[in-house]
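What follows is final30.tsv (TSV, C-alpha atoms).
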chain	number	residue	atom	x	y	z
A	115	ALA	CA	-37.16	68.47	-39.07
A	116	ALA	CA	-39.98	67.01	-41.09
A	117	GLY	CA	-38.76	64.98	-44.02
A	118	SER	CA	-35.31	64.62	-42.46
A	119	ASP	CA	-33.34	61.49	-43.27
A	120	ALA	CA	-31.72	61.49	-39.82
A	121	ALA	CA	-32.35	58.31	-37.86
A	122	SER	CA	-34.22	58.58	-34.57
A	123	PRO	CA	-32.21	58.26	-31.34
A	124	THR	CA	-33.91	54.90	-30.71
A	125	ALA	CA	-32.99	53.59	-34.17
A	126	ALA	CA	-29.43	54.87	-33.74
A	127	ALA	CA	-29.14	53.16	-30.34
A	128	ALA	CA	-30.48	49.90	-31.77
A	129	SER	CA	-28.03	50.09	-34.65
A	130	ALA	CA	-25.10	50.75	-32.31
A	131	ALA	CA	-26.19	47.90	-30.02
A	132	ALA	CA	-26.44	45.53	-32.98
A	133	GLN	CA	-22.91	46.47	-34.07
A	134	VAL	CA	-21.52	45.81	-30.57
A	135	ALA	CA	-23.39	42.49	-30.40
A	136	GLU	CA	-21.99	41.51	-33.80
A	137	GLN	CA	-18.42	42.45	-32.80
A	138	ALA	CA	-18.76	40.50	-29.54
A	139	GLN	CA	-19.94	37.48	-31.55
A	140	LEU	CA	-22.92	36.93	-29.26
A	141	SER	CA	-24.85	33.76	-29.91
A	142	ARG	CA	-27.87	33.93	-32.22
A	143	GLU	CA	-29.17	30.59	-30.98
A	144	ARG	CA	-32.57	30.68	-29.31
A	145	ALA	CA	-33.69	28.22	-26.64
A	146	PRO	CA	-37.22	26.88	-26.32
A	147	SER	CA	-39.12	27.50	-23.11
A	148	THR	CA	-41.53	25.11	-21.43
A	149	ILE	CA	-44.23	27.79	-21.68
A	150	PRO	CA	-46.96	26.95	-24.19
A	151	SER	CA	-48.11	29.79	-26.40
A	152	ALA	CA	-51.59	30.42	-27.78
A	153	SER	CA	-50.45	28.78	-31.03
A	154	GLY	CA	-49.62	25.57	-29.19
A	155	ASP	CA	-45.88	25.89	-29.76
A	156	ASN	CA	-43.70	26.77	-26.83
A	157	PHE	CA	-42.32	30.29	-26.58
A	158	MET	CA	-38.75	30.75	-27.75
A	159	TYR	CA	-36.34	32.73	-25.60
A	160	PRO	CA	-34.28	35.50	-27.19
A	161	SER	CA	-30.72	34.74	-28.20
A	162	GLU	CA	-27.82	36.50	-26.47
A	163	ASN	CA	-27.58	38.75	-29.53
A	164	GLN	CA	-31.31	39.63	-29.48
A	165	PHE	CA	-31.35	40.23	-25.73
A	166	PHE	CA	-28.25	42.44	-25.80
A	167	THR	CA	-29.44	44.45	-28.79
A	168	SER	CA	-32.91	45.01	-27.36
A	169	ALA	CA	-31.80	45.85	-23.82
A	170	THR	CA	-29.01	48.23	-24.79
A	171	ALA	CA	-31.28	49.99	-27.30
A	172	LYS	CA	-33.62	50.63	-24.34
A	173	GLY	CA	-30.75	52.24	-22.43
A	174	HIS	CA	-29.59	49.32	-20.26
A	175	ASP	CA	-25.85	49.05	-19.75
A	176	LEU	CA	-24.83	45.44	-20.41
A	177	VAL	CA	-21.46	43.77	-20.80
A	178	PRO	CA	-21.33	41.46	-23.84
A	179	ASP	CA	-19.12	38.92	-22.02
A	180	GLU	CA	-21.83	38.45	-19.38
A	181	MET	CA	-24.68	37.77	-21.79
A	182	GLU	CA	-24.61	33.99	-21.46
A	183	MET	CA	-25.29	34.31	-17.72
A	184	VAL	CA	-27.77	37.20	-18.12
A	185	VAL	CA	-29.85	35.23	-20.63
A	186	ALA	CA	-29.70	32.09	-18.45
A	187	ILE	CA	-31.00	34.08	-15.46
A	188	HIS	CA	-33.69	35.73	-17.61
A	189	ASN	CA	-34.89	32.35	-18.87
A	190	ALA	CA	-34.84	30.76	-15.40
A	191	VAL	CA	-36.88	33.67	-13.99
A	192	ASN	CA	-39.47	33.29	-16.76
A	193	GLU	CA	-39.72	29.54	-16.14
A	194	GLN	CA	-40.24	30.13	-12.41
A	195	THR	CA	-42.82	32.83	-13.15
A	196	TRP	CA	-44.78	30.35	-15.27
A	197	ARG	CA	-44.62	27.77	-12.45
A	198	GLU	CA	-46.00	30.40	-10.04
A	199	ILE	CA	-48.87	31.15	-12.44
A	200	LEU	CA	-49.56	27.43	-12.85
A	201	LYS	CA	-50.16	27.19	-9.09
A	202	TYR	CA	-53.25	29.35	-9.65
A	203	GLU	CA	-54.16	27.68	-12.91
A	204	GLU	CA	-54.10	24.30	-11.15
A	205	MET	CA	-57.32	25.37	-9.40
A	206	HIS	CA	-58.98	25.48	-12.85
A	207	LYS	CA	-57.61	22.27	-14.36
A	208	ALA	CA	-61.08	20.67	-14.54
A	209	VAL	CA	-62.13	23.49	-16.88
A	210	CYS	CA	-58.77	23.98	-18.56
A	211	PRO	CA	-56.04	21.35	-18.27
A	212	THR	CA	-53.62	23.24	-20.56
A	213	PRO	CA	-53.49	27.01	-20.04
A	214	ARG	CA	-51.36	28.89	-22.56
A	215	LEU	CA	-49.50	32.17	-22.43
A	216	ILE	CA	-50.92	34.66	-24.92
A	217	ARG	CA	-48.31	37.35	-24.29
A	218	PHE	CA	-46.50	39.21	-21.59
A	219	LEU	CA	-45.89	42.88	-21.29
A	220	GLY	CA	-42.99	44.43	-19.42
A	221	ARG	CA	-44.01	47.47	-17.39
A	222	PRO	CA	-40.73	48.62	-15.83
A	223	GLY	CA	-41.00	51.60	-13.55
A	224	GLU	CA	-44.76	51.11	-13.15
A	225	LEU	CA	-45.58	49.86	-9.67
A	226	SER	CA	-48.52	47.55	-9.16
A	227	PRO	CA	-51.08	48.67	-6.57
A	228	LYS	CA	-49.84	45.93	-4.21
A	229	ALA	CA	-46.23	47.11	-4.56
A	230	GLN	CA	-47.34	50.70	-3.90
A	231	ILE	CA	-49.25	49.70	-0.76
A	232	LEU	CA	-46.45	47.49	0.58
A	233	GLY	CA	-43.94	50.27	-0.02
A	234	LEU	CA	-46.09	52.88	1.67
A	235	LEU	CA	-47.40	50.89	4.63
A	236	ALA	CA	-44.70	48.28	5.20
A	237	GLY	CA	-41.61	50.07	3.89
A	238	ARG	CA	-40.94	47.28	1.40
A	239	THR	CA	-38.39	47.97	-1.31
A	240	ALA	CA	-39.96	48.52	-4.72
A	241	PRO	CA	-39.73	45.71	-7.27
A	242	PHE	CA	-37.06	46.12	-9.91
A	243	ASP	CA	-39.48	45.11	-12.66
A	244	ARG	CA	-43.13	44.36	-13.35
A	245	HIS	CA	-44.81	42.29	-16.04
A	246	ASP	CA	-48.39	41.52	-16.96
A	247	TRP	CA	-48.78	37.95	-18.24
A	248	HIS	CA	-51.94	37.26	-20.26
A	249	VAL	CA	-53.02	33.63	-20.08
A	250	ASP	CA	-55.58	31.80	-22.21
A	251	ARG	CA	-57.56	29.58	-19.85
A	252	CYS	CA	-59.18	27.58	-22.65
A	253	GLY	CA	-61.09	30.56	-24.07
A	254	THR	CA	-61.03	32.87	-21.05
A	255	GLN	CA	-58.26	35.46	-20.91
A	256	VAL	CA	-56.76	35.96	-17.44
A	257	ARG	CA	-54.20	38.63	-16.60
A	258	TYR	CA	-51.53	37.97	-13.99
A	259	VAL	CA	-49.61	40.80	-12.37
A	260	VAL	CA	-45.99	39.88	-11.66
A	261	ASP	CA	-43.63	41.89	-9.48
A	262	PHE	CA	-39.93	40.97	-9.47
A	263	TYR	CA	-37.96	41.80	-6.31
A	264	ASP	CA	-34.31	41.39	-5.42
A	265	GLY	CA	-34.21	38.30	-3.22
A	266	LYS	CA	-31.85	37.34	-0.44
A	267	PRO	CA	-28.68	35.95	-1.99
A	268	ASN	CA	-26.61	33.37	-0.14
A	269	PRO	CA	-23.34	31.57	-0.93
A	270	GLU	CA	-25.21	28.82	-2.78
A	271	ARG	CA	-27.36	31.31	-4.74
A	272	PRO	CA	-25.50	34.54	-5.43
A	273	VAL	CA	-28.39	35.73	-7.61
A	274	SER	CA	-31.77	35.66	-5.91
A	275	ILE	CA	-35.05	36.99	-7.27
A	276	PHE	CA	-38.40	36.89	-5.48
A	277	ILE	CA	-41.34	36.54	-7.87
A	278	ASP	CA	-44.76	37.73	-6.72
A	279	ALA	CA	-47.21	36.47	-9.36
A	280	ARG	CA	-50.96	36.69	-8.82
A	281	PRO	CA	-54.17	37.14	-10.80
A	282	GLU	CA	-55.29	40.71	-11.38
A	283	VAL	CA	-57.90	42.21	-9.08
A	284	THR	CA	-61.19	40.97	-10.50
A	285	PHE	CA	-63.91	38.95	-8.79
A	286	GLY	CA	-62.40	35.70	-10.10
A	287	GLY	CA	-58.86	36.87	-9.38
A	288	LEU	CA	-59.73	37.71	-5.79
A	289	GLN	CA	-61.43	34.30	-5.40
A	290	ASP	CA	-58.25	32.59	-6.62
A	291	ARG	CA	-56.06	34.69	-4.32
A	292	PHE	CA	-58.26	33.81	-1.34
A	293	ARG	CA	-58.24	30.11	-2.23
A	294	MET	CA	-54.44	30.17	-2.55
A	295	TRP	CA	-54.15	31.95	0.81
A	296	ALA	CA	-56.49	29.41	2.42
A	297	ARG	CA	-54.46	26.53	0.96
A	298	GLY	CA	-51.37	28.00	2.58
A	299	LEU	CA	-53.16	27.87	5.93
A	300	ASN	CA	-54.27	24.27	5.24
A	301	ILE	CA	-57.94	25.19	5.74
A	302	VAL	CA	-59.14	24.01	2.31

Have the structure of the file written as structure tokens, please.
Amino acid sequence: AAGSDAASPTAAAASAAAQVAEQAQLSRERAPSTIPSASGDNFMYPSENQFFTSATAKGHDLVPDEMEMVVAIHNAVNEQTWREILKYEEMHKAVCPTPRLIRFLGRPGELSPKAQILGLLAGRTAPFDRHDWHVDRCGTQVRYVVDFYDGKPNPERPVSIFIDARPEVTFGGLQDRFRMWARGLNIV
């Protein structure tokens, strides 16, 4: 009802998650990434406490005792995503030697056009997550579409994630995708 003092379900979930995180004594220590932000400082990764509280408030079922590993995997995936983006940005280093991440936006449940086409035509399994990473290429904003797929685990790597990062479909993005494809064929 209007004017009610009752907390929203989202606020109640966040509060409950914070209480569980506090009881589990999850770390509040944040680790720096190697990813430069628009401010020039590197992005900071969320602490175990922040990650747990945020994810459980969004309805994810996490086990507090596993948070150290979950956060380590999350951070490693973000670092690898940045390295994948830098492969494209390398083609622009004469114009911009130091691209910076402006922000990234999680879009879970929203399939990219490429993921939709590969699922429909090739029967590929849908990615488990999608992000849009917005990069500052020394004054030019470039959006990268990132699909995260379950990879092929093996005894040496029980957790495997395939990261498909590429520039969005624009004239410049398509040029970069073609150049990257041609590099893979060793024709440029």

List every residue of region 274-299 of chain A that has an atom at most 12 Å from any atom of region 247-252 of chain A, and for each one report the closest atom pair and its distance in Å to one decimal, counting all atoms listed in the file, with rows sorted by chain and then by increasing residue number, as a tab-separated table.
residue	atom	partner	partner_atom	distance
A:Ala279	CA	A:Trp247	CA	9.1
A:Arg280	CA	A:Trp247	CA	9.8
A:Pro281	CA	A:Trp247	CA	9.2
A:Glu282	CA	A:Trp247	CA	9.9

May I have the residues from that selection written out with C-alpha atoms, as a PDB file, keeping the file's coordinate frame?
ATOM      1  CA  ALA A 279     -47.210  36.470  -9.360  1.00  0.00           C
ATOM      2  CA  ARG A 280     -50.960  36.690  -8.820  1.00  0.00           C
ATOM      3  CA  PRO A 281     -54.170  37.140 -10.800  1.00  0.00           C
ATOM      4  CA  GLU A 282     -55.290  40.710 -11.380  1.00  0.00           C
TER       5      GLU A 282
END

Item to check | Nearby residues (all atoms listed in the file) at most 6 Å from His245 (chain A), same-chain spacing under 2 positions excluded, as a PyMOL selection string | outcome: chain A and resi 219-221+260

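With all atoms listed in the file as the basis for measurement, A:Arg244 is the residue among A:Arg244, A:Arg271, A:Arg142, A:Arg197 that approaches Val259 (chain A) most closely.
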
Checklist entry - What separation in Å, quoted to one decimal, exists between CA of Ile277 (chain A) and CA of Phe262 (chain A)? => result 4.9 Å

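Atom pair CA of Ile187 (chain A) / CA of Met294 (chain A) has a distance of 27.0 Å (rounded to one decimal).
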
Next on the checklist: Quick check, in Å to one decimal: how far apart do CA of Glu203 (chain A) and CA of Ala236 (chain A) lie?
Outcome noted: 29.0 Å

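Take the candidates A:Ala208, A:Gln194, A:Met181, A:Lys172 and check each one against Thr148 (chain A) using all atoms listed in the file; the shortest distance goes to A:Gln194.
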
Item to check | Given only C-alpha atoms as the counted atoms, nearest of A:Ser153, A:His188, A:Pro146, A:Leu299 to Phe165 (chain A) | outcome: A:His188

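Remark: for Pro178 (chain A), the closest of the candidate residues A:Phe292, A:Ala152, A:Leu140, A:Pro160 is A:Leu140 (distances computed over all atoms listed in the file).
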
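Among the candidate residues A:Phe276, A:Phe218, A:Tyr258, A:Phe242, the one lying nearest to Ile199 (chain A) is A:Tyr258, with distances computed using only C-alpha atoms.
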